[in-house]
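One file, start37.csv, is given below (CSV, C-alpha atoms).
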```
chain,number,residue,atom,x,y,z
A,1,MET,CA,24.1,87.4,114.0
A,2,ALA,CA,21.8,86.1,116.7
A,3,SER,CA,18.1,86.5,116.4
A,4,THR,CA,16.8,90.0,117.3
A,5,SER,CA,13.3,88.8,118.2
A,6,THR,CA,14.0,89.5,121.9
A,7,LEU,CA,14.9,93.1,121.2
A,8,GLU,CA,12.3,95.4,122.5
A,9,ILE,CA,12.6,99.0,121.5
A,10,ASP,CA,10.2,102.0,121.7
A,11,GLN,CA,9.1,102.9,118.2
A,12,GLU,CA,9.9,106.6,118.7
A,13,ILE,CA,13.5,105.7,119.8
A,14,ALA,CA,13.8,103.3,116.9
A,15,LYS,CA,12.8,106.1,114.5
A,16,ARG,CA,15.4,108.5,116.1
A,17,LEU,CA,18.1,105.9,115.9
A,18,LEU,CA,17.4,105.3,112.3
A,19,THR,CA,18.2,108.9,111.6
A,20,GLU,CA,20.7,109.7,114.3
A,21,GLY,CA,22.3,106.3,114.9
A,22,SER,CA,25.7,105.5,113.4
A,23,THR,CA,26.6,102.6,111.1
A,24,VAL,CA,29.7,100.4,111.2
A,25,VAL,CA,30.2,98.4,108.1
A,26,MET,CA,32.6,95.4,108.2
A,27,LEU,CA,33.7,94.1,104.9
A,28,ASN,CA,34.8,90.5,104.4
A,29,VAL,CA,34.5,89.4,108.0
A,30,PRO,CA,34.7,85.5,108.0
A,31,LYS,CA,31.7,83.5,109.0
A,32,GLY,CA,31.8,82.4,112.7
A,33,THR,CA,34.0,85.3,113.8
A,34,ASP,CA,33.2,86.4,117.4
A,35,PHE,CA,32.0,89.9,117.0
A,36,GLY,CA,30.4,92.4,119.3
A,37,ILE,CA,29.7,95.9,120.5
A,38,ASP,CA,29.8,97.0,124.1
A,39,ILE,CA,28.7,94.1,126.4
A,40,LYS,CA,27.1,92.0,123.6
A,41,SER,CA,28.7,89.6,121.1
A,42,TRP,CA,27.7,87.1,118.5
A,43,ASN,CA,29.2,84.7,116.0
A,44,THR,CA,28.8,86.2,112.6
A,45,GLY,CA,26.8,84.6,109.8
A,46,GLU,CA,27.5,84.3,106.1
A,47,ASN,CA,25.7,87.6,105.3
A,48,PHE,CA,27.0,89.8,108.2
A,49,ARG,CA,28.1,93.2,107.1
A,50,GLY,CA,28.1,95.3,110.3
A,51,ILE,CA,26.0,97.1,112.9
A,52,LYS,CA,23.4,99.9,112.4
A,53,MET,CA,21.4,102.2,114.7
A,54,ILE,CA,24.4,102.7,117.1
A,55,PRO,CA,23.3,105.4,119.6
A,56,PRO,CA,25.6,108.5,119.7
A,57,GLY,CA,28.2,108.4,122.4
A,58,PHE,CA,30.9,106.0,123.7
A,59,HIS,CA,31.1,102.5,122.3
A,60,TYR,CA,33.5,99.6,122.2
A,61,VAL,CA,33.6,97.4,119.0
A,62,HIS,CA,35.4,94.1,119.4
A,63,TYR,CA,36.1,90.8,117.7
A,64,SER,CA,38.1,87.6,117.8
A,65,ALA,CA,39.1,85.5,114.9
A,66,VAL,CA,37.9,81.8,115.1
A,67,ASP,CA,39.8,79.0,113.4
A,68,LYS,CA,38.4,75.9,111.8
A,69,PHE,CA,38.8,74.0,115.0
A,70,GLY,CA,36.7,76.6,116.9
A,71,GLU,CA,39.7,78.1,118.7
A,72,ILE,CA,39.2,81.8,119.5
A,73,SER,CA,42.1,84.2,119.2
A,74,PRO,CA,42.8,87.0,121.7
A,75,ARG,CA,40.3,89.8,121.5
A,76,ILE,CA,41.0,93.0,119.6
A,77,GLY,CA,38.8,96.1,119.4
A,78,PHE,CA,38.6,99.8,119.2
A,79,ILE,CA,36.9,102.5,121.3
A,80,ARG,CA,35.2,105.5,119.7
A,81,TRP,CA,33.0,108.4,120.6
A,82,PHE,CA,30.3,108.1,117.9
A,83,LYS,CA,28.8,111.3,116.6
A,84,LYS,CA,25.3,111.4,115.1
A,85,ALA,CA,24.8,109.4,112.0
A,86,GLU,CA,28.4,108.5,111.4
A,87,PHE,CA,29.2,106.0,108.6
A,88,ILE,CA,32.3,104.0,109.3
A,89,VAL,CA,33.8,101.3,107.1
A,90,LYS,CA,36.4,98.7,108.1
A,91,ARG,CA,37.9,95.9,106.0
A,92,TRP,CA,39.0,92.5,107.2
A,93,ASP,CA,42.6,91.5,106.5
A,94,THR,CA,42.5,87.8,105.6
A,95,LYS,CA,46.3,87.4,105.9
A,96,GLU,CA,46.5,89.0,109.4
A,97,GLU,CA,43.1,87.7,110.5
A,98,THR,CA,42.1,91.1,111.9
A,99,LEU,CA,40.6,94.3,110.8
A,100,SER,CA,43.0,96.3,108.6
A,101,SER,CA,44.4,99.5,109.9
A,102,GLU,CA,44.5,100.8,106.3
A,103,PRO,CA,41.7,103.3,105.5
A,104,VAL,CA,39.0,102.1,103.1
A,105,PRO,CA,39.1,104.1,99.8
A,106,GLU,CA,36.5,107.0,99.7
A,107,GLU,CA,35.0,105.7,96.5
A,108,THR,CA,34.2,102.4,98.3
A,109,ILE,CA,32.6,104.2,101.2
A,110,GLN,CA,30.5,106.4,98.9
A,111,SER,CA,29.4,103.3,96.9
A,112,LEU,CA,28.2,101.7,100.1
A,113,LYS,CA,26.3,104.8,101.2
A,114,ASP,CA,24.7,105.0,97.8
A,115,ASN,CA,23.5,101.5,98.1
A,116,LEU,CA,22.5,101.7,101.8
A,117,LEU,CA,19.0,100.4,101.3
A,118,ASP,CA,20.3,97.2,99.8
A,119,LEU,CA,23.0,97.0,102.4
A,120,ASP,CA,20.6,97.5,105.3
A,121,ARG,CA,19.3,93.9,105.4
A,122,TYR,CA,22.9,92.7,106.1
A,123,LEU,CA,23.3,95.0,109.1
A,124,GLY,CA,22.4,93.9,112.6
A,125,PRO,CA,20.7,96.5,114.9
A,126,TYR,CA,22.5,97.8,117.9
A,127,PRO,CA,21.6,95.6,121.0
A,128,TYR,CA,19.3,98.2,122.5
A,129,ASP,CA,18.4,95.9,125.4
A,130,THR,CA,21.9,96.5,126.8
A,131,TRP,CA,22.1,100.2,126.2
A,132,LYS,CA,20.8,101.4,129.6
A,133,GLN,CA,23.4,99.2,131.4
A,134,TRP,CA,26.1,100.4,129.1
A,135,GLN,CA,25.2,104.0,129.8
A,136,GLU,CA,25.4,103.3,133.5
A,137,LEU,CA,28.9,101.7,133.0
A,138,THR,CA,30.3,104.6,130.9
A,139,ASN,CA,28.4,107.8,131.8
A,140,ARG,CA,31.6,109.7,132.7
A,141,ILE,CA,33.6,108.7,129.6
A,142,ASP,CA,33.6,111.6,127.1
A,143,SER,CA,35.2,112.2,123.8
A,144,ASP,CA,38.3,113.9,125.4
A,145,ILE,CA,39.0,110.8,127.5
A,146,VAL,CA,38.6,108.5,124.5
A,147,ASP,CA,41.0,110.7,122.4
A,148,ARG,CA,43.7,110.8,125.0
A,149,CYS,CA,43.5,107.3,126.3
A,150,ALA,CA,43.0,105.2,123.2
A,151,PRO,CA,46.1,103.5,121.8
A,152,ALA,CA,48.0,105.4,119.1
A,153,CYS,CA,47.6,102.4,116.8
A,154,GLY,CA,43.8,102.6,117.0
A,155,PHE,CA,43.2,99.1,118.3
A,156,ILE,CA,43.1,97.6,121.8
A,157,HIS,CA,44.7,94.2,122.0
A,158,SER,CA,44.0,91.8,124.9
A,159,ALA,CA,47.4,90.2,124.2
A,160,LEU,CA,49.9,93.0,123.8
A,161,GLU,CA,52.8,92.6,121.4
A,162,LEU,CA,55.9,92.9,123.6
A,163,GLU,CA,59.5,93.8,122.8
A,164,ASN,CA,62.8,94.1,124.7
A,165,PHE,CA,63.8,97.4,126.3
A,166,ASP,CA,66.6,99.0,124.4
A,167,ASP,CA,69.7,99.9,126.4
A,168,LYS,CA,68.7,103.6,126.7
A,169,SER,CA,65.3,102.9,128.2
A,170,ARG,CA,66.2,99.9,130.3
A,171,PRO,CA,65.7,100.6,134.0
A,172,ARG,CA,69.0,101.0,135.8
A,173,GLY,CA,68.1,99.0,138.8
A,174,LEU,CA,68.3,101.8,141.4
A,175,GLU,CA,66.5,99.6,144.0
A,176,ASN,CA,68.9,96.7,143.3
A,177,SER,CA,71.9,98.9,143.7
A,178,ARG,CA,70.6,100.1,147.1
A,179,LYS,CA,70.1,96.5,148.2
A,180,ARG,CA,73.7,95.7,147.2
A,181,LYS,CA,75.1,98.7,149.0
A,182,ARG,CA,73.3,97.6,152.2
A,183,GLY,CA,74.5,94.0,151.7
A,184,VAL,CA,70.9,92.7,151.5
A,185,CYS,CA,70.7,89.3,149.8
A,186,LEU,CA,68.2,88.8,147.0
A,187,SER,CA,65.6,86.2,147.4
A,188,VAL,CA,65.4,83.3,144.9
A,189,GLU,CA,62.3,84.9,143.3
A,190,GLN,CA,64.1,88.3,143.0
A,191,LYS,CA,67.2,86.5,141.4
A,192,GLU,CA,64.9,84.7,139.0
A,193,GLU,CA,63.1,87.9,138.1
A,194,GLU,CA,66.5,89.6,137.3
A,195,LEU,CA,67.2,86.8,134.8
A,196,LEU,CA,64.0,87.3,132.9
A,197,PRO,CA,64.0,89.5,129.8
A,198,GLN,CA,62.8,93.1,130.4
A,199,LEU,CA,59.8,93.6,128.1
A,200,LYS,CA,57.6,96.5,127.3
A,201,PRO,CA,54.5,96.9,125.0
A,202,LYS,CA,55.4,97.7,121.4
A,203,PRO,CA,55.1,101.5,121.1
A,204,GLY,CA,51.7,102.7,120.1
A,205,THR,CA,49.8,99.6,121.1
A,206,GLU,CA,49.3,100.3,124.8
A,207,LEU,CA,46.4,102.2,126.4
A,208,ARG,CA,47.4,105.7,127.3
A,209,LEU,CA,45.8,105.8,130.7
A,210,THR,CA,47.0,108.5,133.0
A,211,GLU,CA,50.0,107.3,134.9
A,212,LEU,CA,49.7,107.1,138.7
A,213,PRO,CA,52.4,109.2,140.5
A,214,ASP,CA,55.2,107.4,142.2
A,215,ALA,CA,55.3,109.9,145.1
A,216,GLN,CA,53.4,108.9,148.2
A,217,TYR,CA,54.4,111.8,150.3
A,218,PRO,CA,56.0,115.3,149.8
A,219,GLU,CA,59.8,115.5,149.6
A,220,GLY,CA,61.3,116.3,152.9
A,221,SER,CA,58.5,114.7,154.9
A,222,THR,CA,59.2,113.8,158.5
A,223,PRO,CA,58.8,110.1,159.7
A,224,ALA,CA,55.5,111.0,161.2
A,225,GLU,CA,54.3,112.6,158.0
A,226,ILE,CA,55.4,109.6,156.0
A,227,THR,CA,53.4,107.4,158.3
A,228,LYS,CA,50.4,109.6,157.9
A,229,HIS,CA,50.6,109.6,154.0
A,230,SER,CA,51.1,105.8,154.0
A,231,MET,CA,47.7,105.5,155.6
A,232,ASP,CA,46.0,108.3,153.7
A,233,SER,CA,46.6,108.5,149.9
A,234,THR,CA,45.1,112.0,149.5
A,235,TYR,CA,48.5,113.5,148.6
A,236,THR,CA,49.0,111.0,145.7
A,237,LEU,CA,45.3,111.3,144.6
A,238,ASP,CA,45.8,115.1,144.4
A,239,LEU,CA,48.9,114.6,142.3
A,240,PHE,CA,46.9,112.4,140.0
A,241,LEU,CA,44.0,114.7,139.7
A,242,SER,CA,46.3,117.6,138.8
A,243,LYS,CA,47.2,115.8,135.6
A,244,LEU,CA,43.5,115.9,134.5
A,245,LYS,CA,41.6,118.8,132.9
A,246,GLN,CA,38.8,118.3,135.5
A,247,PRO,CA,39.1,116.2,138.7
A,248,ILE,CA,35.9,114.3,137.9
A,249,GLU,CA,37.7,112.8,134.9
A,250,VAL,CA,39.1,110.3,137.3
A,251,ILE,CA,35.7,108.5,137.3
A,252,GLY,CA,35.8,108.4,133.5
A,253,GLU,CA,39.2,106.7,133.7
A,254,VAL,CA,37.9,104.2,136.3
A,255,GLN,CA,35.1,103.4,133.9
A,256,LEU,CA,37.3,103.2,130.9
A,257,ALA,CA,39.9,101.0,132.5
A,258,PHE,CA,37.1,98.7,133.7
A,259,VAL,CA,35.4,98.3,130.3
A,260,CYS,CA,38.7,97.7,128.6
A,261,PHE,CA,39.1,94.8,131.0
A,262,LEU,CA,35.5,93.6,131.0
A,263,VAL,CA,35.0,93.9,127.2
A,264,GLY,CA,38.5,94.1,125.8
A,265,GLN,CA,40.0,91.5,128.2
A,266,SER,CA,43.0,93.7,128.9
A,267,LEU,CA,44.9,92.8,132.0
A,268,ASP,CA,46.9,96.0,131.9
A,269,ALA,CA,43.6,97.9,132.1
A,270,PHE,CA,42.5,95.7,135.0
A,271,GLU,CA,45.7,96.5,136.9
A,272,HIS,CA,45.2,100.2,136.3
A,273,TRP,CA,41.6,99.9,137.5
A,274,LYS,CA,42.7,98.2,140.7
A,275,LEU,CA,45.3,101.0,141.4
A,276,LEU,CA,42.7,103.7,140.9
A,277,VAL,CA,40.2,101.9,143.2
A,278,SER,CA,42.8,101.6,145.9
A,279,LEU,CA,44.0,105.2,145.5
A,280,ILE,CA,40.4,106.6,145.8
A,281,CYS,CA,39.4,104.3,148.7
A,282,ARG,CA,42.4,105.2,150.8
A,283,ALA,CA,42.3,108.9,150.5
A,284,ASP,CA,40.5,109.8,153.7
A,285,CYS,CA,41.1,113.6,153.8
A,286,ALA,CA,39.9,113.9,150.2
A,287,ILE,CA,36.4,112.5,150.9
A,288,SER,CA,34.8,115.7,152.2
A,289,ILE,CA,36.7,117.9,149.7
A,290,ARG,CA,36.0,115.8,146.6
A,291,ARG,CA,32.4,114.9,147.5
A,292,GLN,CA,31.3,114.7,143.8
A,293,ILE,CA,34.1,112.2,143.0
A,294,TYR,CA,33.1,110.0,145.9
A,295,THR,CA,29.4,110.1,145.1
A,296,GLU,CA,30.1,109.1,141.5
A,297,PHE,CA,32.7,106.5,142.6
A,298,LEU,CA,30.3,104.7,144.8
A,299,ARG,CA,27.7,104.5,142.1
A,300,THR,CA,30.2,103.5,139.4
A,301,LEU,CA,31.7,100.7,141.6
A,302,GLU,CA,28.3,99.2,142.4
A,303,VAL,CA,27.4,99.0,138.7
A,304,GLN,CA,30.7,97.4,137.9
A,305,LEU,CA,30.4,94.8,140.7
A,306,ALA,CA,27.1,93.6,139.1
A,307,LEU,CA,29.1,92.5,136.0
A,308,ILE,CA,32.4,91.2,137.2
A,309,PRO,CA,32.7,87.7,138.6
A,310,GLU,CA,33.5,87.8,142.3
A,311,GLU,CA,36.3,85.3,142.0
A,312,VAL,CA,38.2,87.7,139.6
A,313,LEU,CA,38.5,90.1,142.6
A,314,TYR,CA,40.5,87.7,144.7
A,315,ASP,CA,44.3,88.0,145.2
A,316,ILE,CA,45.4,84.4,144.8
A,317,VAL,CA,48.5,84.9,146.9
A,318,ALA,CA,46.9,87.0,149.7
A,319,SER,CA,43.6,85.1,149.5
A,320,ASN,CA,41.6,88.3,150.1
A,321,ASN,CA,39.0,90.1,148.0
A,322,PHE,CA,40.5,93.3,146.6
A,323,VAL,CA,37.4,95.3,146.3
A,324,TYR,CA,36.0,94.2,149.6
A,325,HIS,CA,39.2,95.0,151.4
A,326,ASN,CA,39.4,98.6,149.8
A,327,LEU,CA,35.7,99.2,150.3
A,328,ARG,CA,36.0,98.3,154.0
A,329,ILE,CA,38.7,101.0,154.3
A,330,LEU,CA,36.5,103.6,152.4
A,331,PHE,CA,33.4,102.8,154.4
A,332,ALA,CA,35.4,103.1,157.7
A,333,ASN,CA,36.8,106.4,156.6
A,334,ILE,CA,33.4,107.8,155.6
A,335,GLU,CA,31.9,106.6,158.9
A,336,ALA,CA,34.6,108.1,161.1
A,337,ASN,CA,35.3,111.3,159.2
A,338,GLY,CA,33.4,114.2,160.9
A,339,ASP,CA,33.8,116.4,157.8
A,340,VAL,CA,31.8,114.2,155.5
A,341,ASP,CA,28.2,115.4,155.1
A,342,ALA,CA,25.2,113.3,156.2
A,343,ARG,CA,24.0,112.7,152.6
A,344,LEU,CA,27.2,111.0,151.5
A,345,LYS,CA,27.3,109.0,154.7
A,346,SER,CA,23.8,107.9,154.0
A,347,GLU,CA,24.5,106.9,150.4
A,348,ALA,CA,27.6,104.9,151.5
A,349,SER,CA,25.6,103.2,154.2
A,350,ARG,CA,22.8,102.2,151.8
A,351,MET,CA,25.4,100.9,149.3
A,352,ARG,CA,27.1,99.0,152.0
A,353,GLU,CA,23.9,97.3,153.0
A,354,ARG,CA,23.0,96.4,149.3
A,355,ILE,CA,26.3,94.8,148.5
A,356,SER,CA,26.5,93.1,151.9
A,357,ASN,CA,23.2,91.4,151.1
A,358,LYS,CA,24.2,90.6,147.5
A,359,PHE,CA,27.7,89.3,148.1
A,360,MET,CA,27.5,88.3,151.8
A,361,TRP,CA,30.4,90.6,152.5
A,362,ASP,CA,30.8,91.5,156.2
A,363,PHE,CA,31.2,95.3,156.8
A,364,SER,CA,30.6,95.2,160.5
A,365,ASN,CA,33.1,96.6,163.1
A,366,LEU,CA,34.6,98.9,160.5
A,367,GLN,CA,36.7,100.8,163.1
A,368,GLU,CA,38.6,97.8,164.2
A,369,GLU,CA,42.2,98.1,162.9
A,370,ASN,CA,43.2,95.6,160.1
A,371,GLU,CA,46.7,94.2,160.3
A,372,ASP,CA,47.3,95.3,156.7
A,373,ASP,CA,46.5,98.9,157.6
A,374,ALA,CA,48.6,99.1,160.7
A,375,PRO,CA,51.1,102.1,160.8
A,376,VAL,CA,54.2,101.6,158.6
A,377,VAL,CA,57.5,101.6,160.4
A,378,VAL,CA,59.7,104.2,158.7
A,379,ASP,CA,63.4,103.4,158.0
A,380,MET,CA,65.4,106.4,159.2
A,381,ASP,CA,68.3,105.3,156.9
A,382,GLU,CA,66.3,105.8,153.7
```
Here is a file; write its structure as structure tokens.
Amino acid sequence: MASTSTLEIDQEIAKRLLTEGSTVVMLNVPKGTDFGIDIKSWNTGENFRGIKMIPPGFHYVHYSAVDKFGEISPRIGFIRWFKKAEFIVKRWDTKEETLSSEPVPEETIQSLKDNLLDLDRYLGPYPYDTWKQWQELTNRIDSDIVDRCAPACGFIHSALELENFDDKSRPRGLENSRKRKRGVCLSVEQKEEELLPQLKPKPGTELRLTELPDAQYPEGSTPAEITKHSMDSTYTLDLFLSKLKQPIEVIGEVQLAFVCFLVGQSLDAFEHWKLLVSLICRADCAISIRRQIYTEFLRTLEVQLALIPEEVLYDIVASNNFVYHNLRILFANIEANGDVDARLKSEASRMRERISNKFMWDFSNLQEENEDDAPVVVDMDE
């Protein structure tokens, strides 16, 4: 592992982590493997055996096999809520070039514990210099969120293993049948998409993030109500929050989806994060009712923006910045909503100024209507 000479840690904290910190032992990991925890990674050395002094709480352990030509395989990792002084042992599967999902025998674990003093010199200390930033990124992720959202297989793969839909689970093409009934011709792109195989993640490998509701407005809504709900996502947000034990858990999911993209390189997690950001930003009527959620959301998003490259946020087709576009909607809603208290308005205003200066984003004239947010014309034949 890399030199730890730059690691500065208070001696009292160091003593506490020596007794309360967890240990992850990695047996037989090949030299040169890209290995890391949270937002730090290294190339392993000949004597690497794992990480020690891991602070209690949420962490993301990740790795990528590296071949003899220096080519790095897709990242794999696991998330875990570490309790005090846990001792975890994983074994490298040479054939599969990954950590084995098979449990390590208890006698092996006990032997390692008994020889911990000898093992200690082969363990790298947790990168304490990144801990504060990691806590800011993940302060709303708790053990319940980890347990229900982690893949059933135990590992998060940046490149998911896909398989064909079986006939029973294959979508029946309701939308296509509607188009055919109306005599609407399919575009070339739609025809090409229909010819592509229908794939889904292999069961047990996907993140179990809370699914966003399909409904955007109540059943039986009038055209005027449909138009209202198309501009204000409060109804859909409320449906989403009703699936959670506590509404504030939505911030934990925003954080988890983000770190699974940032650290785990999961594009599925990135897409989920984008959907949640859009859902929260567009829920105008929820802002005054869900004040804690919006306070935490603004803080969370600002921390995330400090770590994600700005170019990642751009929609290549639409050529617009996804977060900027949604924040502009949120800031406009907060500014114009008379039910939002002065403190939240002030917090939003200060954040707007900070990120405007940092990214050179223009949040002036917020109340000018954007073409993308113009009222939706409702088809009365639906």
One decimal, Å: what's the distance from CA of Asp144 in chain A over to CA of Arg282 in chain A, could you say?
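Separation between CA of Asp144 in chain A and CA of Arg282 in chain A: 27.2 Å.
Here CA of Leu17 in chain A is placed at a distance of 28.2 Å from CA of Glu249 in chain A.
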Residue among A:Arg75, A:Arg290, A:Lys245, A:Arg91 lying closest to Ile156 in chain A, counting all atoms listed in the file:
A:Arg75
Calculated over all atoms listed in the file, which of the candidates A:Phe359, A:Tyr294, A:Phe48, A:Tyr63 has the smallest distance to Phe331 in chain A?
A:Tyr294
The distance between CA of Leu119 in chain A and CA of Thr23 in chain A is 11.0 Å
Nearby residues (all atoms listed in the file) at most 10 Å from Asp120 in chain A, same-chain spacing under 6 positions excluded, as a PDB file with C-alpha atoms, in the coordinates of the input:
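result29.pdb was written with the following content:
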```pdb
ATOM      1  CA  THR A  23      26.600 102.600 111.100  1.00  0.00           C
ATOM      2  CA  ARG A  49      28.100  93.200 107.100  1.00  0.00           C
ATOM      3  CA  GLY A  50      28.100  95.300 110.300  1.00  0.00           C
ATOM      4  CA  ILE A  51      26.000  97.100 112.900  1.00  0.00           C
ATOM      5  CA  LYS A  52      23.400  99.900 112.400  1.00  0.00           C
TER       6      LYS A  52
END
```
Just the residues within 8 Å of Lys83 in chain A, please, counting only C-alpha atoms, with nothing from its chain fewer than 4 positions along; format it as a ChimeraX atom specification.
/A:22,56-57
List as an MDAnalysis selection string the residues having at least one atom at most 10 Å from position (32.9, 107.1, 144.3) as given in the file, counting only C-alpha atoms.
chainID A and resid 250:251 254 277 280:281 287 290:302 330 344 348
Those same residues, written as an mmCIF file, in the frame of the given file with C-alpha atoms?
```cif
data_model
loop_
_atom_site.group_PDB
_atom_site.id
_atom_site.type_symbol
_atom_site.label_atom_id
_atom_site.label_comp_id
_atom_site.auth_asym_id
_atom_site.auth_seq_id
_atom_site.Cartn_x
_atom_site.Cartn_y
_atom_site.Cartn_z
ATOM 1 C CA VAL A 250 39.100 110.300 137.300
ATOM 2 C CA ILE A 251 35.700 108.500 137.300
ATOM 3 C CA VAL A 254 37.900 104.200 136.300
ATOM 4 C CA VAL A 277 40.200 101.900 143.200
ATOM 5 C CA ILE A 280 40.400 106.600 145.800
ATOM 6 C CA CYS A 281 39.400 104.300 148.700
ATOM 7 C CA ILE A 287 36.400 112.500 150.900
ATOM 8 C CA ARG A 290 36.000 115.800 146.600
ATOM 9 C CA ARG A 291 32.400 114.900 147.500
ATOM 10 C CA GLN A 292 31.300 114.700 143.800
ATOM 11 C CA ILE A 293 34.100 112.200 143.000
ATOM 12 C CA TYR A 294 33.100 110.000 145.900
ATOM 13 C CA THR A 295 29.400 110.100 145.100
ATOM 14 C CA GLU A 296 30.100 109.100 141.500
ATOM 15 C CA PHE A 297 32.700 106.500 142.600
ATOM 16 C CA LEU A 298 30.300 104.700 144.800
ATOM 17 C CA ARG A 299 27.700 104.500 142.100
ATOM 18 C CA THR A 300 30.200 103.500 139.400
ATOM 19 C CA LEU A 301 31.700 100.700 141.600
ATOM 20 C CA GLU A 302 28.300 99.200 142.400
ATOM 21 C CA LEU A 330 36.500 103.600 152.400
ATOM 22 C CA LEU A 344 27.200 111.000 151.500
ATOM 23 C CA ALA A 348 27.600 104.900 151.500
#
```
Please identify all polymer residues within 8 Å of His229 in chain A, counting all atoms listed in the file, omitting same-chain residues fewer than 4 positions from it, and present them as a PyMOL selection string.
chain A and resi 216-217+225+233-235
With distances taken over only C-alpha atoms, which of A:Met360, A:Leu305, A:Ala336, A:Leu267 is nearest to Asp284 in chain A?
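Of A:Met360, A:Leu305, A:Ala336, A:Leu267, the one nearest Asp284 in chain A, counting only C-alpha atoms, is A:Ala336.
Checking A:Leu313, A:Glu211, A:Arg16, A:Gly252 one by one against His272 in chain A, counting all atoms listed in the file, you find the shortest gap at A:Glu211.
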Please provide the set of residues having any atom within 9 Å of range 33-39 of chain A, restricted to only C-alpha atoms, with same-chain residues fewer than 6 positions apart removed, written as a count of residues only.
23
Taking all atoms listed in the file into account, name the residue in A:Ala152, A:Ile248, A:Leu366, A:Val89 that is nearest to Ile109 in chain A.
A:Val89
Name the residues within 10 Å of (34.2, 105.5, 130.4), counting all atoms listed in the file in the file's coordinates, and put them as an NGL selection string.
:A and (58-59 or 79 or 134-143 or 145-146 or 249-260)
Would you save the residues of that selection, restricted to C-alpha atoms, as a tab-separated table (two decimals), in the coordinates of the input?
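Writing the result to result-v1.tsv gives the following:
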```tsv
chain	number	residue	atom	x	y	z
A	58	PHE	CA	30.90	106.00	123.70
A	59	HIS	CA	31.10	102.50	122.30
A	79	ILE	CA	36.90	102.50	121.30
A	134	TRP	CA	26.10	100.40	129.10
A	135	GLN	CA	25.20	104.00	129.80
A	136	GLU	CA	25.40	103.30	133.50
A	137	LEU	CA	28.90	101.70	133.00
A	138	THR	CA	30.30	104.60	130.90
A	139	ASN	CA	28.40	107.80	131.80
A	140	ARG	CA	31.60	109.70	132.70
A	141	ILE	CA	33.60	108.70	129.60
A	142	ASP	CA	33.60	111.60	127.10
A	143	SER	CA	35.20	112.20	123.80
A	145	ILE	CA	39.00	110.80	127.50
A	146	VAL	CA	38.60	108.50	124.50
A	249	GLU	CA	37.70	112.80	134.90
A	250	VAL	CA	39.10	110.30	137.30
A	251	ILE	CA	35.70	108.50	137.30
A	252	GLY	CA	35.80	108.40	133.50
A	253	GLU	CA	39.20	106.70	133.70
A	254	VAL	CA	37.90	104.20	136.30
A	255	GLN	CA	35.10	103.40	133.90
A	256	LEU	CA	37.30	103.20	130.90
A	257	ALA	CA	39.90	101.00	132.50
A	258	PHE	CA	37.10	98.70	133.70
A	259	VAL	CA	35.40	98.30	130.30
A	260	CYS	CA	38.70	97.70	128.60
```
Using only C-alpha atoms, which of the listed residues (A:Gln246, A:Thr210, A:Asn321, A:Ser346) sits closest to Leu276 in chain A?
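Selected residue with least distance to Leu276 in chain A: A:Thr210.
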